[in-house]
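*Asks:* Just data19.tsv, nothing more (TSV, C-alpha atoms and all ligand atoms):
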```
chain	number	residue	atom	x	y	z
L	1	MET	CA	-2.10	3.55	28.45
L	2	ASP	CA	-3.59	0.63	26.52
L	3	GLY	CA	-0.75	-1.88	27.00
L	4	ASN	CA	2.10	-3.36	25.03
L	5	VAL	CA	0.39	-3.75	21.69
L	6	VAL	CA	-0.01	-0.01	21.53
L	7	THR	CA	3.51	0.94	22.50
L	8	THR	CA	5.04	-1.39	19.89
L	9	ALA	CA	2.81	-0.22	17.01
L	10	LYS	CA	4.74	1.14	14.03
L	11	ILE	CA	1.65	2.86	12.69
L	12	ARG	CA	-1.12	3.86	15.01
L	13	ILE	CA	-4.45	5.16	13.70
L	14	ARG	CA	-6.51	6.61	16.50
L	15	GLY	CA	-10.16	7.64	16.11
L	16	VAL	CA	-9.56	8.87	12.58
L	17	SER	CA	-12.42	10.41	10.65
L	18	LYS	CA	-12.27	12.23	7.33
L	19	ARG	CA	-14.97	14.44	5.88
L	20	PHE	CA	-15.07	16.05	2.46
L	21	GLY	CA	-17.61	18.81	2.93
L	22	ASP	CA	-20.73	17.11	4.26
L	23	ALA	CA	-19.65	13.67	3.07
L	24	VAL	CA	-18.09	11.37	5.66
L	25	ALA	CA	-15.42	9.33	3.86
L	26	LEU	CA	-14.11	7.63	7.00
L	27	GLN	CA	-15.54	7.37	10.46
L	28	ASP	CA	-13.68	6.59	13.64
L	29	VAL	CA	-11.01	4.26	12.31
L	30	GLY	CA	-8.69	2.74	14.88
L	31	LEU	CA	-5.87	0.38	13.97
L	32	ASP	CA	-2.45	-0.54	15.31
L	33	LEU	CA	0.00	-1.94	12.76
L	34	ALA	CA	3.04	-3.79	14.07
L	35	PRO	CA	6.58	-3.09	12.82
L	36	ASN	CA	7.41	-5.12	9.68
L	37	SER	CA	3.82	-6.28	9.27
L	38	PHE	CA	2.01	-6.56	5.96
L	39	THR	CA	-1.51	-5.14	6.10
L	40	CYS	CA	-4.01	-5.10	3.26
L	41	LEU	CA	-6.87	-2.60	3.20
L	42	LEU	CA	-9.66	-4.36	1.34
L	43	GLY	CA	-13.10	-3.20	0.32
L	44	PRO	CA	-15.30	-1.96	-2.48
L	45	SER	CA	-14.81	1.30	-4.30
L	46	GLY	CA	-15.49	4.33	-2.15
L	47	CYS	CA	-14.96	2.74	1.28
L	48	GLY	CA	-12.07	5.09	1.97
L	49	LYS	CA	-9.03	2.85	1.40
L	50	SER	CA	-7.09	5.50	-0.52
L	51	THR	CA	-8.18	8.20	1.88
L	52	LEU	CA	-6.76	6.21	4.79
L	53	LEU	CA	-3.54	5.45	2.93
L	54	ASN	CA	-3.14	9.12	1.98
L	55	MET	CA	-3.43	10.13	5.61
L	56	ILE	CA	-0.70	7.65	6.58
L	57	ALA	CA	1.40	9.04	3.72
L	58	GLY	CA	0.81	12.57	5.01
L	59	PHE	CA	-0.88	13.78	1.81
L	60	ALA	CA	-4.06	14.57	3.76
L	61	GLU	CA	-4.90	15.40	7.37
L	62	PRO	CA	-7.66	13.64	9.31
L	63	SER	CA	-10.75	15.74	10.14
L	64	ALA	CA	-10.62	14.12	13.57
L	65	GLY	CA	-8.23	11.74	15.29
L	66	GLN	CA	-4.56	11.12	14.65
L	67	VAL	CA	-2.18	9.02	12.60
L	68	LEU	CA	1.09	8.26	14.39
L	69	VAL	CA	4.18	6.67	12.89
L	70	ASP	CA	6.86	5.67	15.39
L	71	GLY	CA	4.78	7.50	17.97
L	72	GLN	CA	4.95	10.82	16.08
L	73	PRO	CA	1.87	12.47	14.57
L	74	VAL	CA	1.95	12.57	10.76
L	75	HIS	CA	1.59	16.08	9.34
L	76	GLY	CA	3.13	15.66	5.91
L	77	PRO	CA	4.99	13.27	3.61
L	78	SER	CA	8.35	11.82	4.61
L	79	ALA	CA	11.09	9.94	2.79
L	80	ASP	CA	10.68	7.27	5.48
L	81	ARG	CA	7.22	6.49	4.06
L	82	GLY	CA	7.56	5.34	0.44
L	83	VAL	CA	4.43	5.43	-1.72
L	84	VAL	CA	3.57	3.42	-4.84
L	85	PHE	CA	0.43	4.24	-6.83
L	86	GLN	CA	-1.48	2.24	-9.42
L	87	GLU	CA	-0.60	4.67	-12.16
L	88	TYR	CA	3.18	4.31	-11.90
L	89	ALA	CA	3.67	8.08	-11.55
L	90	LEU	CA	7.10	7.90	-13.17
L	91	PHE	CA	8.75	10.92	-14.73
L	92	PRO	CA	8.51	10.17	-18.48
L	93	TRP	CA	11.50	12.37	-19.28
L	94	ARG	CA	13.85	10.56	-16.91
L	95	THR	CA	15.41	7.16	-17.52
L	96	ALA	CA	14.53	4.22	-15.28
L	97	LEU	CA	17.78	4.81	-13.39
L	98	ASP	CA	17.13	8.53	-12.95
L	99	ASN	CA	13.58	7.84	-11.78
L	100	VAL	CA	14.93	5.57	-9.05
L	101	ALA	CA	17.73	8.00	-8.23
L	102	PHE	CA	15.27	10.87	-7.78
L	103	GLY	CA	14.88	10.50	-4.00
L	104	PRO	CA	18.62	10.16	-3.35
L	105	MET	CA	19.15	13.22	-5.60
L	106	LEU	CA	16.66	15.23	-3.51
L	107	ARG	CA	18.53	14.16	-0.41
L	108	GLY	CA	21.74	15.60	-1.83
L	109	ARG	CA	23.56	12.36	-2.71
L	110	SER	CA	26.42	12.76	-5.20
L	111	ARG	CA	25.81	11.78	-8.82
L	112	ALA	CA	27.96	8.66	-8.33
L	113	GLU	CA	25.95	7.66	-5.27
L	114	GLN	CA	22.68	8.29	-7.09
L	115	ARG	CA	23.75	6.00	-9.92
L	116	GLU	CA	24.93	3.31	-7.53
L	117	ILE	CA	21.65	3.40	-5.59
L	118	GLY	CA	19.62	3.49	-8.82
L	119	ARG	CA	21.44	0.44	-10.19
L	120	ARG	CA	21.15	-1.45	-6.92
L	121	TYR	CA	17.39	-0.97	-6.57
L	122	LEU	CA	16.68	-1.62	-10.24
L	123	ALA	CA	18.58	-4.90	-9.87
L	124	LEU	CA	16.53	-5.69	-6.76
L	125	VAL	CA	13.30	-5.51	-8.79
L	126	GLY	CA	14.77	-7.51	-11.68
L	127	LEU	CA	15.55	-4.62	-14.03
L	128	ALA	CA	19.34	-4.80	-14.28
L	129	GLY	CA	20.22	-3.88	-17.87
L	130	HIS	CA	17.21	-1.57	-18.28
L	131	GLU	CA	18.75	1.45	-16.53
L	132	ASP	CA	18.82	3.72	-19.56
L	133	LYS	CA	15.31	3.04	-20.83
L	134	TYR	CA	12.60	5.66	-20.60
L	135	PRO	CA	9.18	4.78	-19.11
L	136	GLY	CA	7.61	5.01	-22.56
L	137	ASN	CA	9.71	2.02	-23.62
L	138	LEU	CA	8.82	-0.17	-20.62
L	139	SER	CA	5.86	-2.55	-20.18
L	140	GLY	CA	3.31	-1.91	-17.43
L	141	GLY	CA	4.93	-4.52	-15.20
L	142	MET	CA	8.38	-2.99	-15.73
L	143	LYS	CA	7.08	0.51	-15.00
L	144	GLN	CA	5.60	-0.73	-11.75
L	145	ARG	CA	8.92	-2.38	-10.88
L	146	VAL	CA	10.62	0.98	-11.44
L	147	ALA	CA	8.00	2.66	-9.22
L	148	ILE	CA	8.67	0.10	-6.47
L	149	ALA	CA	12.44	0.55	-6.85
L	150	ARG	CA	11.99	4.31	-6.64
L	151	ALA	CA	10.01	4.00	-3.40
L	152	LEU	CA	12.60	1.60	-1.95
L	153	ALA	CA	15.58	3.77	-2.94
L	154	ASN	CA	14.96	6.02	0.07
L	155	ASP	CA	15.14	2.92	2.27
L	156	PRO	CA	11.81	3.79	3.92
L	157	SER	CA	10.66	1.83	6.95
L	158	VAL	CA	7.06	2.11	5.70
L	159	LEU	CA	5.88	1.19	2.23
L	160	LEU	CA	2.41	2.43	1.25
L	161	MET	CA	0.95	0.89	-1.90
L	162	ASP	CA	-2.33	1.95	-3.50
L	163	GLU	CA	-3.58	-0.76	-5.89
L	164	PRO	CA	-0.04	-1.07	-7.24
L	165	PHE	CA	-0.80	-4.09	-9.41
L	166	GLY	CA	-4.33	-3.14	-10.41
L	167	ALA	CA	-3.42	-2.22	-13.99
L	168	LEU	CA	-1.36	-5.34	-14.70
L	169	ASP	CA	-2.33	-8.56	-16.43
L	170	ALA	CA	-3.00	-11.53	-14.14
L	171	GLN	CA	0.34	-13.32	-14.73
L	172	THR	CA	2.48	-10.22	-14.24
L	173	ARG	CA	0.46	-9.38	-11.17
L	174	GLU	CA	1.17	-12.76	-9.57
L	175	VAL	CA	4.89	-12.52	-10.32
L	176	LEU	CA	5.07	-9.05	-8.79
L	177	GLN	CA	3.13	-10.20	-5.72
L	178	GLU	CA	5.73	-12.93	-5.17
L	179	GLU	CA	8.61	-10.53	-5.71
L	180	LEU	CA	7.12	-7.95	-3.38
L	181	LEU	CA	6.86	-10.60	-0.65
L	182	ALA	CA	10.47	-11.61	-1.24
L	183	ILE	CA	11.57	-7.97	-0.88
L	184	TRP	CA	9.41	-7.49	2.21
L	185	GLU	CA	10.79	-10.64	3.83
L	186	ARG	CA	14.39	-9.63	3.12
L	187	HIS	CA	14.21	-5.92	3.84
L	188	ARG	CA	11.59	-5.85	6.60
L	189	LYS	CA	9.30	-2.94	5.86
L	190	THR	CA	5.93	-2.15	7.36
L	191	VAL	CA	3.67	-2.46	4.32
L	192	VAL	CA	0.15	-1.10	3.91
L	193	PHE	CA	-1.33	-2.29	0.64
L	194	VAL	CA	-4.68	-1.20	-0.79
L	195	THR	CA	-6.51	-3.66	-2.99
L	196	HIS	CA	-9.94	-4.65	-4.32
L	197	SER	CA	-8.73	-8.21	-4.81
L	198	ILE	CA	-9.60	-10.70	-2.08
L	199	SER	CA	-7.21	-13.31	-3.47
L	200	GLU	CA	-4.37	-10.77	-3.62
L	201	SER	CA	-4.98	-9.75	-0.01
L	202	ILE	CA	-4.95	-13.36	1.23
L	203	PHE	CA	-1.81	-14.13	-0.76
L	204	LEU	CA	0.06	-11.15	0.66
L	205	ALA	CA	-1.13	-10.08	4.06
L	206	ASP	CA	-0.46	-10.84	7.71
L	207	ARG	CA	-3.59	-8.89	8.38
L	208	ILE	CA	-6.55	-7.95	6.25
L	209	VAL	CA	-8.62	-4.94	7.21
L	210	VAL	CA	-12.03	-5.37	5.58
L	211	MET	CA	-13.59	-1.94	5.21
L	212	ALA	CA	-17.25	-1.00	5.48
L	213	THR	CA	-18.93	1.58	3.25
L	214	ARG	CA	-21.27	4.50	3.91
L	215	PRO	CA	-19.48	5.67	5.92
L	216	GLY	CA	-16.03	4.15	5.39
L	217	ALA	CA	-14.96	2.31	8.52
L	218	VAL	CA	-13.25	-0.86	9.70
L	219	LYS	CA	-15.69	-3.74	9.33
L	220	GLU	CA	-13.47	-6.63	10.38
L	221	VAL	CA	-9.79	-7.25	11.03
L	222	ILE	CA	-8.58	-10.70	10.00
L	223	ASP	CA	-5.17	-11.95	11.15
L	224	LEU	CA	-3.83	-14.64	8.86
L	225	ASP	CA	-1.69	-17.56	9.95
L	226	LEU	CA	-1.52	-19.44	6.65
L	227	PRO	CA	2.04	-20.63	5.99
L	228	ARG	CA	4.01	-18.92	3.19
L	229	PRO	CA	4.36	-19.23	0.29
L	230	ARG	CA	0.58	-19.42	0.12
L	231	ASP	CA	-1.15	-21.73	-2.24
L	232	ARG	CA	-4.26	-20.22	-3.84
L	233	SER	CA	-5.79	-23.67	-4.29
L	234	ASP	CA	-5.29	-24.65	-0.64
L	235	PRO	CA	-8.67	-25.34	1.07
L	236	ALA	CA	-7.83	-22.95	3.91
L	237	PHE	CA	-7.09	-20.23	1.32
L	238	THR	CA	-10.32	-20.78	-0.60
L	239	ALA	CA	-12.41	-21.02	2.58
L	240	LEU	CA	-11.07	-17.66	3.74
L	241	GLU	CA	-11.68	-16.26	0.26
L	242	ARG	CA	-15.35	-17.30	0.48
L	243	ARG	CA	-15.73	-15.83	3.93
L	244	ILE	CA	-14.25	-12.47	2.95
L	245	LYS	CA	-16.29	-12.43	-0.24
L	246	GLU	CA	-19.46	-12.53	1.86
L	247	LEU	CA	-18.20	-9.67	4.02
L	248	VAL	CA	-17.35	-7.52	0.99
L	249	ARG	CA	-20.57	-8.42	-0.84
L	250	ALA	CA	-22.63	-7.11	2.09
L	251	GLU	CA	-20.83	-3.76	1.72
L	252	VAL	CA	-21.34	-3.64	-2.05
L	253	GLN	CA	-25.05	-4.31	-1.53
L	254	LYS	CA	-25.20	-1.38	0.88
L	255	LEU	CA	-24.09	0.81	-2.02
L	256	GLY	CA	-26.90	-0.50	-4.18
L	257	VAL	CA	-24.38	-1.81	-6.70
L	258	THR	CA	-24.82	-5.46	-7.63
E	301	LIG	N1	-10.67	14.95	-2.50
E	301	LIG	C1	-11.91	14.48	-2.31
E	301	LIG	N2	-12.97	15.32	-2.33
E	301	LIG	C2	-14.21	14.87	-2.13
E	301	LIG	N3	-14.53	13.59	-1.88
E	301	LIG	C3	-13.53	12.71	-1.85
E	301	LIG	C4	-12.16	13.11	-2.06
E	301	LIG	N4	-11.37	12.00	-1.97
E	301	LIG	C5	-12.21	10.98	-1.71
E	301	LIG	N5	-13.49	11.39	-1.64
E	301	LIG	C6	-14.66	10.55	-1.34
E	301	LIG	O1	-14.36	9.80	-0.18
E	301	LIG	C7	-14.85	8.48	-0.32
E	301	LIG	C8	-13.70	7.50	-0.18
E	301	LIG	O2	-12.86	7.60	-1.32
E	301	LIG	P1	-11.55	6.72	-1.51
E	301	LIG	O3	-10.94	7.09	-2.81
E	301	LIG	O4	-10.72	6.81	-0.31
E	301	LIG	O5	-12.18	5.27	-1.60
E	301	LIG	P2	-11.48	3.91	-2.08
E	301	LIG	O6	-12.00	2.86	-1.19
E	301	LIG	O7	-10.01	4.10	-2.14
E	301	LIG	O8	-12.08	3.75	-3.53
E	301	LIG	P3	-11.40	3.11	-4.85
E	301	LIG	O9	-11.25	1.67	-4.54
E	301	LIG	O10	-12.40	3.37	-5.91
E	301	LIG	O11	-10.11	3.82	-5.07
E	301	LIG	C9	-15.56	8.40	-1.66
E	301	LIG	O12	-16.93	8.61	-1.45
E	301	LIG	C10	-14.95	9.54	-2.43
E	301	LIG	O13	-15.86	10.04	-3.37
```
Rewrite the structure of this file - the entire thing - as structure tokens.
Ligand SMILES: Nc1ncnc2c1ncn2[C@@H]1O[C@H](COP(=O)(O)OP(=O)(O)OP(=O)(O)O)[C@@H](O)[C@H]1O
*Replies:*
Amino acid sequence: MDGNVVTTAKIRIRGVSKRFGDAVALQDVGLDLAPNSFTCLLGPSGCGKSTLLNMIAGFAEPSAGQVLVDGQPVHGPSADRGVVFQEYALFPWRTALDNVAFGPMLRGRSRAEQREIGRRYLALVGLAGHEDKYPGNLSGGMKQRVAIARALANDPSVLLMDEPFGALDAQTREVLQEELLAIWERHRKTVVFVTHSISESIFLADRIVVMATRPGAVKEVIDLDLPRPRDRSDPAFTALERRIKELVRAEVQKLGVT
């Protein structure tokens, strides 16, 4: 086959294309993501970031090519692949604890186990003491913490995040970025994180996949070796930011949006 890199990939995307009718959303995407790596998919609106994430999640099938996780083709969602969306997607009629306990409930855990898991993961995201609150009584940042806890409560090996912090104010967003990294470092998940934000991608990722538009494709893969925790004012950080900005700007210009 193609050597060691391939056999050790946690997620393997092979020649993946996706069409919606006549429109080509993604064309011939190939990527290998290592176990426990943190990958950001970065690019302007419409370049197919969510489409790619949805195919890894198993919400959609490629029109051509294959997505493999642990060497197995993905044909549907799995509890081993947790998903967090921008829009929280919490059940408004369930408490924070019962939102987090939802996965364990589906998997047939006892009520006592569900509550224990719910408490544990809410504490992990800094929400101990908020177990009995309903989503309507939580701030945006707290709702997103609940959504992350809910995804983690199944102990997935893969965490798929679609603009999870996009709706948050800048300060809350930075705090959650730091906390997500702390969780990732402690619990070792393979993370795929969709974002429009260049700074967010450099702060978080081991690897940034800059996407091209029209059709959606991989434009450039950037492996980062900046030490953590990363300092946004560090010259190496800002130099990379400028470089990626140029790459993304060329794609935005292709869309005729300036
Ligand atoms: N269900 C669908 N039916 C038809 N076209 C779709 C569908 N989903 C996505 N598309 C199209 O596929 C392309 C890629 O969309 P996608 O949402 O993956 O992009 P994106 O990079 O995630 O954008 P954004 O950053 O705005 O979320 C777009 O042109 C979009 O209009």
*Asks:* Which residues are near ligand LIG 301 (chain E) in this structure, taking near to mean any atom at most 7 Å from a ligand atom and counting all atoms listed in the file? Format them as JSON, numbers by chain.
*Replies:* {"L": [20, 25, 43, 44, 45, 46, 47, 48, 49, 50, 51, 52, 196, 216]}
*Asks:* I'd like the neighbourhood of range 230-239 of chain L as a PyMOL selection string, where a residue qualifies if any of its atoms comes within 10 Å (using all atoms listed in the file), though same-chain residues fewer than 6 positions away should be ignored.
*Replies:* chain L and resi 178+199-200+202-204+224+245
*Asks:* Please produce an output containing C-alpha atoms for each residue in the selection, written as an mmCIF file, in the coordinates of the input.
*Replies:*
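Below is the file that was written, part_38.cif:
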```
data_model
loop_
_atom_site.group_PDB
_atom_site.id
_atom_site.type_symbol
_atom_site.label_atom_id
_atom_site.label_comp_id
_atom_site.auth_asym_id
_atom_site.auth_seq_id
_atom_site.Cartn_x
_atom_site.Cartn_y
_atom_site.Cartn_z
ATOM 1 C CA GLU L 178 5.730 -12.930 -5.170
ATOM 2 C CA SER L 199 -7.210 -13.310 -3.470
ATOM 3 C CA GLU L 200 -4.370 -10.770 -3.620
ATOM 4 C CA ILE L 202 -4.950 -13.360 1.230
ATOM 5 C CA PHE L 203 -1.810 -14.130 -0.760
ATOM 6 C CA LEU L 204 0.060 -11.150 0.660
ATOM 7 C CA LEU L 224 -3.830 -14.640 8.860
ATOM 8 C CA LYS L 245 -16.290 -12.430 -0.240
#
```
*Asks:* Go through L:Asn54, L:Thr190, L:Gln177, L:Gln86 and flag the residue nearest Asp155 in chain L, using all atoms listed in the file for the distances.
*Replies:*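 Among L:Asn54, L:Thr190, L:Gln177, L:Gln86, it is L:Thr190 that comes nearest to Asp155 in chain L.
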*Asks:* So how many Å separate CA of Asp32 in chain L and CA of His187 in chain L, to one decimal?
*Replies:* 20.9 Å
*Asks:* Taking only residues of range 136-158 of chain L that have an atom at most 9 Å from an atom of range 167-175 of chain L, what is each one's shortest atom pair and its distance in Å to one decimal, using all atoms listed in the file, in chain and number order, as JSON lines?
*Replies:*
```
{"residue": "L:Gly140", "atom": "CA", "partner": "L:Leu168", "partner_atom": "CA", "distance": 6.4}
{"residue": "L:Gly141", "atom": "CA", "partner": "L:Thr172", "partner_atom": "CA", "distance": 6.3}
{"residue": "L:Gln144", "atom": "CA", "partner": "L:Leu168", "partner_atom": "CA", "distance": 8.9}
```
*Asks:* Might you pull out every residue within 9 Å of Ala79 in chain L, with only C-alpha atoms counted and same-chain residues fewer than 6 positions away left off, and present them as a PyMOL selection string?
*Replies:* chain L and resi 103+151+154-156
*Asks:* Given the choices L:Ser63, L:Gln114, L:Thr8, L:Ser197, which gets closest to Leu26 in chain L if the distance is worked out from all atoms listed in the file?
*Replies:*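 Ranking L:Ser63, L:Gln114, L:Thr8, L:Ser197 by distance to Leu26 in chain L, first place goes to L:Ser63.
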*Asks:* Scan for residues within 12 Å of the point (3.6, 19.4, 3.9) in the coordinates of the file, using all atoms listed in the file, and reply as an MDAnalysis selection string.
*Replies:* chainID L and resid 55 57:61 74:78
*Asks:* Go through L:Phe193, L:Thr95, L:Glu87, L:Ser139 one by one, measure the shortest atom-to-atom distance of each to Ile56 in chain L using only C-alpha atoms, and give the residue with the smallest value.
*Replies:*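 The answer is L:Phe193, which sits nearest to Ile56 in chain L.
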*Asks:* Choose the residue, out of L:Glu113, L:Ala212, L:Arg150, L:Phe38, that has the smallest atom-to-atom separation from Val83 in chain L; count all atoms listed in the file.
*Replies:* L:Arg150
*Asks:* Rank L:Leu247, L:Val146, L:Leu138, L:Leu181 by their smallest atom-to-atom distance to Arg228 in chain L, using all atoms listed in the file, and report the top residue only.
*Replies:*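 Answer, going by the shortest atom-to-atom distance: L:Leu181.
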*Asks:* Report, in Å to a single decimal, how far apart CA of Gln72 in chain L and CA of Ile11 in chain L are.
*Replies:* 9.3 Å
*Asks:* Nearest residue to Lys254 in chain L out of L:Arg109, L:Ala96, L:Arg119, L:Thr213, using all atoms listed in the file?
*Replies:*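 With all atoms listed in the file as the atom set, the closest residue is L:Thr213.
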